[in-house]
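Asks: What follows is the file final.pdb, containing PDB, N, CA and C atoms:
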ATOM      1  N   MET C   1      20.513 276.342  74.922
ATOM      2  CA  MET C   1      19.550 276.331  76.013
ATOM      3  C   MET C   1      18.529 277.441  75.754
ATOM      4  N   GLN C   2      17.280 277.118  75.999
ATOM      5  CA  GLN C   2      16.195 278.087  75.852
ATOM      6  C   GLN C   2      16.261 279.141  76.948
ATOM      7  N   ARG C   3      15.773 280.327  76.646
ATOM      8  CA  ARG C   3      15.671 281.350  77.683
ATOM      9  C   ARG C   3      14.500 281.008  78.598
ATOM     10  N   VAL C   4      14.614 281.386  79.866
ATOM     11  CA  VAL C   4      13.586 281.082  80.859
ATOM     12  C   VAL C   4      13.164 282.389  81.528
ATOM     13  N   LYS C   5      11.855 282.558  81.645
ATOM     14  CA  LYS C   5      11.299 283.730  82.314
ATOM     15  C   LYS C   5      10.298 283.258  83.351
ATOM     16  N   ILE C   6      10.416 283.801  84.568
ATOM     17  CA  ILE C   6       9.489 283.459  85.645
ATOM     18  C   ILE C   6       8.843 284.741  86.155
ATOM     19  N   TYR C   7       7.532 284.794  86.058
ATOM     20  CA  TYR C   7       6.773 285.842  86.736
ATOM     21  C   TYR C   7       6.515 285.314  88.138
ATOM     22  N   GLY C   8       6.952 286.057  89.151
ATOM     23  CA  GLY C   8       6.820 285.565  90.506
ATOM     24  C   GLY C   8       6.672 286.685  91.514
ATOM     25  N   ALA C   9       6.838 286.307  92.781
ATOM     26  CA  ALA C   9       6.748 287.245  93.891
ATOM     27  C   ALA C   9       7.781 286.829  94.934
ATOM     28  N   GLY C  10       8.299 287.811  95.666
ATOM     29  CA  GLY C  10       9.333 287.546  96.655
ATOM     30  C   GLY C  10       8.897 286.627  97.773
ATOM     31  N   TRP C  11       7.624 286.624  98.103
ATOM     32  CA  TRP C  11       7.105 285.822  99.218
ATOM     33  C   TRP C  11       6.701 284.407  98.800
ATOM     34  N   CYS C  12       6.820 284.086  97.524
ATOM     35  CA  CYS C  12       6.251 282.853  96.959
ATOM     36  C   CYS C  12       7.207 281.664  97.057
ATOM     37  N   PRO C  13       6.890 280.650  97.891
ATOM     38  CA  PRO C  13       7.778 279.490  97.993
ATOM     39  C   PRO C  13       7.812 278.655  96.710
ATOM     40  N   TYR C  14       6.732 278.640  95.951
ATOM     41  CA  TYR C  14       6.726 277.875  94.701
ATOM     42  C   TYR C  14       7.602 278.532  93.644
ATOM     43  N   CYS C  15       7.721 279.854  93.708
ATOM     44  CA  CYS C  15       8.631 280.569  92.812
ATOM     45  C   CYS C  15      10.067 280.153  93.117
ATOM     46  N   THR C  16      10.403 280.093  94.390
ATOM     47  CA  THR C  16      11.736 279.679  94.817
ATOM     48  C   THR C  16      12.015 278.249  94.399
ATOM     49  N   ARG C  17      11.042 277.373  94.579
ATOM     50  CA  ARG C  17      11.228 275.961  94.202
ATOM     51  C   ARG C  17      11.417 275.814  92.702
ATOM     52  N   ALA C  18      10.670 276.589  91.924
ATOM     53  CA  ALA C  18      10.807 276.536  90.461
ATOM     54  C   ALA C  18      12.212 276.969  90.055
ATOM     55  N   GLU C  19      12.681 278.052  90.649
ATOM     56  CA  GLU C  19      14.022 278.547  90.339
ATOM     57  C   GLU C  19      15.084 277.517  90.731
ATOM     58  N   GLN C  20      14.927 276.889  91.882
ATOM     59  CA  GLN C  20      15.889 275.871  92.328
ATOM     60  C   GLN C  20      15.917 274.686  91.369
ATOM     61  N   LEU C  21      14.748 274.223  90.934
ATOM     62  CA  LEU C  21      14.683 273.098  89.997
ATOM     63  C   LEU C  21      15.375 273.459  88.687
ATOM     64  N   LEU C  22      15.090 274.641  88.176
ATOM     65  CA  LEU C  22      15.700 275.060  86.917
ATOM     66  C   LEU C  22      17.213 275.186  87.046
ATOM     67  N   LYS C  23      17.691 275.683  88.161
ATOM     68  CA  LYS C  23      19.137 275.793  88.366
ATOM     69  C   LYS C  23      19.783 274.417  88.457
ATOM     70  N   ARG C  24      19.091 273.455  89.082
ATOM     71  CA  ARG C  24      19.616 272.076  89.121
ATOM     72  C   ARG C  24      19.701 271.489  87.720
ATOM     73  N   LYS C  25      18.853 271.968  86.824
ATOM     74  CA  LYS C  25      18.855 271.484  85.444
ATOM     75  C   LYS C  25      19.894 272.207  84.595
ATOM     76  N   GLY C  26      20.617 273.142  85.204
ATOM     77  CA  GLY C  26      21.686 273.821  84.492
ATOM     78  C   GLY C  26      21.327 275.192  83.942
ATOM     79  N   VAL C  27      20.130 275.673  84.238
ATOM     80  CA  VAL C  27      19.739 277.005  83.773
ATOM     81  C   VAL C  27      20.437 278.040  84.647
ATOM     82  N   GLN C  28      21.287 278.842  84.033
ATOM     83  CA  GLN C  28      22.049 279.838  84.782
ATOM     84  C   GLN C  28      21.384 281.201  84.766
ATOM     85  N   ASP C  29      20.748 281.539  83.658
ATOM     86  CA  ASP C  29      20.194 282.877  83.487
ATOM     87  C   ASP C  29      18.669 282.801  83.440
ATOM     88  N   ILE C  30      18.023 283.200  84.529
ATOM     89  CA  ILE C  30      16.563 283.212  84.616
ATOM     90  C   ILE C  30      16.114 284.664  84.682
ATOM     91  N   ASP C  31      15.251 285.028  83.760
ATOM     92  CA  ASP C  31      14.683 286.372  83.760
ATOM     93  C   ASP C  31      13.534 286.362  84.758
ATOM     94  N   LYS C  32      13.770 286.959  85.942
ATOM     95  CA  LYS C  32      12.763 286.966  86.999
ATOM     96  C   LYS C  32      12.033 288.306  87.002
ATOM     97  N   VAL C  33      10.705 288.239  86.954
ATOM     98  CA  VAL C  33       9.879 289.436  86.986
ATOM     99  C   VAL C  33       9.041 289.380  88.253
ATOM    100  N   ASN C  34       9.280 290.326  89.162
ATOM    101  CA  ASN C  34       8.538 290.359  90.418
ATOM    102  C   ASN C  34       7.261 291.168  90.209
ATOM    103  N   VAL C  35       6.130 290.473  90.135
ATOM    104  CA  VAL C  35       4.859 291.143  89.849
ATOM    105  C   VAL C  35       4.341 291.931  91.049
ATOM    106  N   ASP C  36       4.855 291.678  92.240
ATOM    107  CA  ASP C  36       4.469 292.465  93.412
ATOM    108  C   ASP C  36       4.982 293.896  93.317
ATOM    109  N   GLU C  37       6.117 294.066  92.674
ATOM    110  CA  GLU C  37       6.723 295.383  92.557
ATOM    111  C   GLU C  37       6.246 296.145  91.331
ATOM    112  N   SER C  38       5.551 295.452  90.426
ATOM    113  CA  SER C  38       5.144 296.090  89.185
ATOM    114  C   SER C  38       3.742 295.631  88.770
ATOM    115  N   PRO C  39       2.725 296.427  89.087
ATOM    116  CA  PRO C  39       1.360 296.060  88.683
ATOM    117  C   PRO C  39       1.225 295.907  87.160
ATOM    118  N   GLU C  40       2.040 296.662  86.408
ATOM    119  CA  GLU C  40       1.987 296.545  84.949
ATOM    120  C   GLU C  40       2.446 295.157  84.500
ATOM    121  N   GLU C  41       3.474 294.640  85.162
ATOM    122  CA  GLU C  41       3.968 293.301  84.812
ATOM    123  C   GLU C  41       2.952 292.225  85.201
ATOM    124  N   ARG C  42       2.237 292.431  86.312
ATOM    125  CA  ARG C  42       1.184 291.476  86.692
ATOM    126  C   ARG C  42       0.097 291.464  85.616
ATOM    127  N   GLN C  43      -0.285 292.633  85.135
ATOM    128  CA  GLN C  43      -1.302 292.719  84.082
ATOM    129  C   GLN C  43      -0.808 292.033  82.808
ATOM    130  N   LYS C  44       0.460 292.239  82.477
ATOM    131  CA  LYS C  44       1.049 291.590  81.302
ATOM    132  C   LYS C  44       1.028 290.073  81.462
ATOM    133  N   MET C  45       1.423 289.591  82.663
ATOM    134  CA  MET C  45       1.421 288.155  82.945
ATOM    135  C   MET C  45       0.016 287.574  82.776
ATOM    136  N   MET C  46      -0.973 288.278  83.323
ATOM    137  CA  MET C  46      -2.351 287.790  83.245
ATOM    138  C   MET C  46      -2.845 287.790  81.804
ATOM    139  N   ALA C  47      -2.456 288.774  81.018
ATOM    140  CA  ALA C  47      -2.854 288.813  79.611
ATOM    141  C   ALA C  47      -2.210 287.674  78.830
ATOM    142  N   LEU C  48      -0.955 287.355  79.140
ATOM    143  CA  LEU C  48      -0.247 286.286  78.435
ATOM    144  C   LEU C  48      -0.735 284.896  78.814
ATOM    145  N   THR C  49      -1.104 284.720  80.094
ATOM    146  CA  THR C  49      -1.373 283.375  80.600
ATOM    147  C   THR C  49      -2.828 283.095  80.930
ATOM    148  N   GLY C  50      -3.593 284.154  81.181
ATOM    149  CA  GLY C  50      -4.963 283.964  81.658
ATOM    150  C   GLY C  50      -5.015 283.549  83.119
ATOM    151  N   ARG C  51      -3.894 283.655  83.807
ATOM    152  CA  ARG C  51      -3.801 283.236  85.207
ATOM    153  C   ARG C  51      -3.368 284.395  86.089
ATOM    154  N   ARG C  52      -3.769 284.322  87.366
ATOM    155  CA  ARG C  52      -3.426 285.366  88.342
ATOM    156  C   ARG C  52      -2.335 284.912  89.311
ATOM    157  N   THR C  53      -2.114 283.604  89.403
ATOM    158  CA  THR C  53      -1.203 283.056  90.410
ATOM    159  C   THR C  53       0.241 283.033  89.915
ATOM    160  N   VAL C  54       1.152 283.018  90.872
ATOM    161  CA  VAL C  54       2.572 282.899  90.566
ATOM    162  C   VAL C  54       3.106 281.619  91.176
ATOM    163  N   PRO C  55       4.124 281.041  90.600
ATOM    164  CA  PRO C  55       4.850 281.518  89.438
ATOM    165  C   PRO C  55       4.134 281.176  88.138
ATOM    166  N   GLN C  56       4.472 281.928  87.106
ATOM    167  CA  GLN C  56       4.119 281.592  85.739
ATOM    168  C   GLN C  56       5.434 281.531  84.986
ATOM    169  N   ILE C  57       5.688 280.367  84.394
ATOM    170  CA  ILE C  57       7.003 280.068  83.845
ATOM    171  C   ILE C  57       6.909 279.923  82.329
ATOM    172  N   PHE C  58       7.855 280.582  81.654
ATOM    173  CA  PHE C  58       7.990 280.464  80.207
ATOM    174  C   PHE C  58       9.366 279.902  79.908
ATOM    175  N   ILE C  59       9.404 278.905  79.038
ATOM    176  CA  ILE C  59      10.663 278.380  78.516
ATOM    177  C   ILE C  59      10.620 278.654  77.024
ATOM    178  N   GLY C  60      11.492 279.543  76.580
ATOM    179  CA  GLY C  60      11.378 280.050  75.217
ATOM    180  C   GLY C  60      10.046 280.767  75.105
ATOM    181  N   ASP C  61       9.295 280.460  74.074
ATOM    182  CA  ASP C  61       7.970 281.049  73.899
ATOM    183  C   ASP C  61       6.865 280.165  74.478
ATOM    184  N   HIS C  62       7.241 279.038  75.053
ATOM    185  CA  HIS C  62       6.273 278.068  75.582
ATOM    186  C   HIS C  62       5.889 278.414  77.023
ATOM    187  N   HIS C  63       4.599 278.614  77.267
ATOM    188  CA  HIS C  63       4.110 278.833  78.630
ATOM    189  C   HIS C  63       3.964 277.479  79.305
ATOM    190  N   VAL C  64       4.805 277.228  80.283
ATOM    191  CA  VAL C  64       4.784 275.957  81.016
ATOM    192  C   VAL C  64       3.623 275.921  81.989
ATOM    193  N   GLY C  65       3.397 277.038  82.679
ATOM    194  CA  GLY C  65       2.404 277.102  83.747
ATOM    195  C   GLY C  65       3.123 277.425  85.039
ATOM    196  N   GLY C  66       2.673 276.824  86.122
ATOM    197  CA  GLY C  66       3.263 277.063  87.427
ATOM    198  C   GLY C  66       4.259 275.995  87.820
ATOM    199  N   PHE C  67       4.604 275.987  89.108
ATOM    200  CA  PHE C  67       5.583 275.012  89.593
ATOM    201  C   PHE C  67       5.090 273.587  89.415
ATOM    202  N   ASP C  68       3.817 273.325  89.662
ATOM    203  CA  ASP C  68       3.309 271.957  89.538
ATOM    204  C   ASP C  68       3.506 271.423  88.121
ATOM    205  N   GLU C  69       3.253 272.263  87.126
ATOM    206  CA  GLU C  69       3.437 271.829  85.737
ATOM    207  C   GLU C  69       4.915 271.630  85.409
ATOM    208  N   LEU C  70       5.773 272.509  85.944
ATOM    209  CA  LEU C  70       7.213 272.364  85.743
ATOM    210  C   LEU C  70       7.707 271.055  86.351
ATOM    211  N   ALA C  71       7.288 270.776  87.579
ATOM    212  CA  ALA C  71       7.691 269.528  88.248
ATOM    213  C   ALA C  71       7.149 268.310  87.510
ATOM    214  N   SER C  72       5.955 268.425  86.970
ATOM    215  CA  SER C  72       5.367 267.328  86.197
ATOM    216  C   SER C  72       6.198 267.032  84.940
ATOM    217  N   LEU C  73       6.657 268.086  84.269
ATOM    218  CA  LEU C  73       7.529 267.897  83.103
ATOM    219  C   LEU C  73       8.817 267.188  83.497
ATOM    220  N   GLU C  74       9.363 267.552  84.644
ATOM    221  CA  GLU C  74      10.592 266.906  85.114
ATOM    222  C   GLU C  74      10.337 265.428  85.418
ATOM    223  N   ARG C  75       9.240 265.125  86.096
ATOM    224  CA  ARG C  75       8.924 263.717  86.413
ATOM    225  C   ARG C  75       8.692 262.892  85.150
ATOM    226  N   ALA C  76       8.161 263.523  84.113
ATOM    227  CA  ALA C  76       7.889 262.828  82.848
ATOM    228  C   ALA C  76       9.121 262.799  81.936
ATOM    229  N   HIS C  77      10.248 263.305  82.433
ATOM    230  CA  HIS C  77      11.501 263.359  81.675
ATOM    231  C   HIS C  77      11.357 264.162  80.387
ATOM    232  N   GLU C  78      10.548 265.226  80.432
ATOM    233  CA  GLU C  78      10.331 266.076  79.260
ATOM    234  C   GLU C  78      10.955 267.463  79.428
ATOM    235  N   LEU C  79      11.404 267.792  80.614
ATOM    236  CA  LEU C  79      11.915 269.136  80.866
ATOM    237  C   LEU C  79      13.222 269.399  80.131
ATOM    238  N   ASP C  80      14.132 268.432  80.099
ATOM    239  CA  ASP C  80      15.414 268.631  79.420
ATOM    240  C   ASP C  80      15.214 268.973  77.945
ATOM    241  N   ALA C  81      14.316 268.275  77.291
ATOM    242  CA  ALA C  81      14.068 268.541  75.876
ATOM    243  C   ALA C  81      13.499 269.946  75.679
ATOM    244  N   LEU C  82      12.606 270.359  76.555
ATOM    245  CA  LEU C  82      12.015 271.686  76.453
ATOM    246  C   LEU C  82      13.074 272.769  76.693
ATOM    247  N   LEU C  83      13.970 272.508  77.627
ATOM    248  CA  LEU C  83      15.050 273.454  77.901
ATOM    249  C   LEU C  83      16.104 273.464  76.799
ATOM    250  N   GLY C  84      16.123 272.392  76.009
ATOM    251  CA  GLY C  84      17.132 272.294  74.959
ATOM    252  C   GLY C  84      18.457 271.784  75.469
ATOM    253  N   THR C  85      18.419 270.995  76.548
ATOM    254  CA  THR C  85      19.657 270.493  77.137
ATOM    255  C   THR C  85      19.931 269.036  76.802
ATOM    256  N   THR C  86      19.037 268.387  76.077
ATOM    257  CA  THR C  86      19.280 266.996  75.719
ATOM    258  C   THR C  86      20.083 266.951  74.428
ATOM    259  N   GLU C  87      20.944 265.996  74.350
ATOM    260  CA  GLU C  87      21.746 265.822  73.147
ATOM    261  C   GLU C  87      20.904 265.134  72.098
ATOM    262  N   ASN C  88      20.962 265.610  70.886
ATOM    263  CA  ASN C  88      20.241 264.991  69.784
ATOM    264  C   ASN C  88      21.041 263.785  69.315
ATOM    265  N   PRO C  89      20.490 262.538  69.465
ATOM    266  CA  PRO C  89      21.246 261.349  69.109
ATOM    267  C   PRO C  89      21.652 261.320  67.644
ATOM    268  N   SER C  90      20.883 261.958  66.779
ATOM    269  CA  SER C  90      21.219 261.925  65.351
ATOM    270  C   SER C  90      22.438 262.788  65.047
ATOM    271  N   LEU C  91      22.835 263.672  65.976
ATOM    272  CA  LEU C  91      24.003 264.508  65.770
ATOM    273  C   LEU C  91      25.260 263.912  66.392
ATOM    274  N   ALA C  92      25.110 262.859  67.171
ATOM    275  CA  ALA C  92      26.259 262.267  67.868
ATOM    276  C   ALA C  92      27.121 261.463  66.927
TER
END
Please lay out the structure from this file as structure tokens.

Replies:
Amino acid sequence: MQRVKIYGAGWCPYCTRAEQLLKRKGVQDIDKVNVDESPEERQKMMALTGRRTVPQIFIGDHHVGGFDELASLERAHELDALLGTTENPSLA
């Protein structure tokens, strides 16, 4: 399973929804960075993503975007592959 990092804020409902979706997908360990408590982390997030809004979600080294993009990946049945949770049929 890929590592997951979420830049978020305690007051953000979309951050909570993103975390809930990822946990339903079996992600147990989410590296959560609260940008409200750390202006340096907000600056880092903005430098990495070019965005100011939260959440900003990374799966491995891939910047997914926010909750809408994460949910879109799930609807397109692409999230499992990105997380590394799909079984490779050639290995079965």

Asks: Between atom N of Ala9 of chain C and atom CA of Asn34 of chain C, measure the distance and give it in Å to one decimal.

Replies: 5.0 Å

Asks: Spell out the residues picked by the PyMOL selection byres ((chain C and resi 54-57) around 7) here, as a list in words.

Replies: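 On this input, the PyMOL selection byres ((chain C and resi 54-57) around 7) captures Val4, Lys5, Ile6, Tyr7, Gly8, Ala9, Cys12, Tyr14, Cys15, Arg51, Arg52, Thr53, Phe58, Ile59, His62, His63, Val64, Gly65, Gly66 and Phe67 of chain C.
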
Asks: Name the closest residue to Ala18 of chain C among the candidates C:Leu73, C:Asp68, C:Glu37, C:Leu83; distances are taken between atoms, counting only N, CA and C atoms.

Replies: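 Using only N, CA and C atoms, the shortest distance to Ala18 of chain C belongs to C:Asp68.
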
Asks: Using the file's own x, y and z axes, what box holds all listed atoms of segment 49-62 of chain C with 4 Å on each side, keeping edges along x, y and z, and what are its centre and edge lengths in Å to one decimal, as lines of an AutoDock Vina configuration file?

Replies:
center_x = 3.2
center_y = 281.7
center_z = 82.5
size_x = 24.5
size_y = 15.3
size_z = 25.3

Asks: Would you work out the distance separating atom CA of Glu78 of chain C from atom CA of Trp11 of chain C, expressed in Å to one decimal?

Replies: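 Going from atom CA of Glu78 of chain C over to atom CA of Trp11 of chain C, I get 28.3 Å.
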
Asks: Please, which residues are within 7 Å of (15.1, 266.4, 88.6) by the file's coordinates, counting only N, CA and C atoms, and could they come as an mmCIF file with N, CA and C atoms, in the coordinates of the input?

Replies:
data_model
loop_
_atom_site.group_PDB
_atom_site.id
_atom_site.type_symbol
_atom_site.label_atom_id
_atom_site.label_comp_id
_atom_site.auth_asym_id
_atom_site.auth_seq_id
_atom_site.Cartn_x
_atom_site.Cartn_y
_atom_site.Cartn_z
ATOM 1 N N LEU C 21 14.748 274.223 90.934
ATOM 2 C CA LEU C 21 14.683 273.098 89.997
ATOM 3 C C LEU C 21 15.375 273.459 88.687
ATOM 4 N N ARG C 24 19.091 273.455 89.082
ATOM 5 C CA ARG C 24 19.616 272.076 89.121
ATOM 6 C C ARG C 24 19.701 271.489 87.720
ATOM 7 N N LYS C 25 18.853 271.968 86.824
ATOM 8 C CA LYS C 25 18.855 271.484 85.444
ATOM 9 C C LYS C 25 19.894 272.207 84.595
ATOM 10 N N GLU C 74 9.363 267.552 84.644
ATOM 11 C CA GLU C 74 10.592 266.906 85.114
ATOM 12 C C GLU C 74 10.337 265.428 85.418
ATOM 13 N N ARG C 75 9.240 265.125 86.096
ATOM 14 C CA ARG C 75 8.924 263.717 86.413
ATOM 15 C C ARG C 75 8.692 262.892 85.150
#

Asks: From a backbone DSSP assignment, name each residue in chain C labelled alpha helix (DSSP H), as number ranges by chain.

Replies: C: 13-24, 39-49, 67-75, 79-83

Asks: Can you work out the spacing between atom N of Ser38 of chain C and atom N of Gly10 of chain C in Å, to one decimal?

Replies: 9.7 Å

Asks: Determine the nearest neighbour of Arg17 of chain C from the options C:Leu70, C:Ala81, C:Asp31, C:Gln43, counting only C-alpha atoms.

Replies: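 Among the listed residues, C:Leu70 lies closest to Arg17 of chain C.
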
Asks: So that I can check the secondary structure, give me every residue of chain C assigned strand (DSSP E) by backbone DSSP, as a list in words.

Replies: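 Selection result, strand (DSSP E) within chain C: Val4, Lys5, Ile6, Tyr7, Gly8, Ile30, Asp31, Lys32, Val33, Asn34, Gln56, Ile57, Phe58, Ile59, His62, His63, Val64 and Gly65 of chain C.
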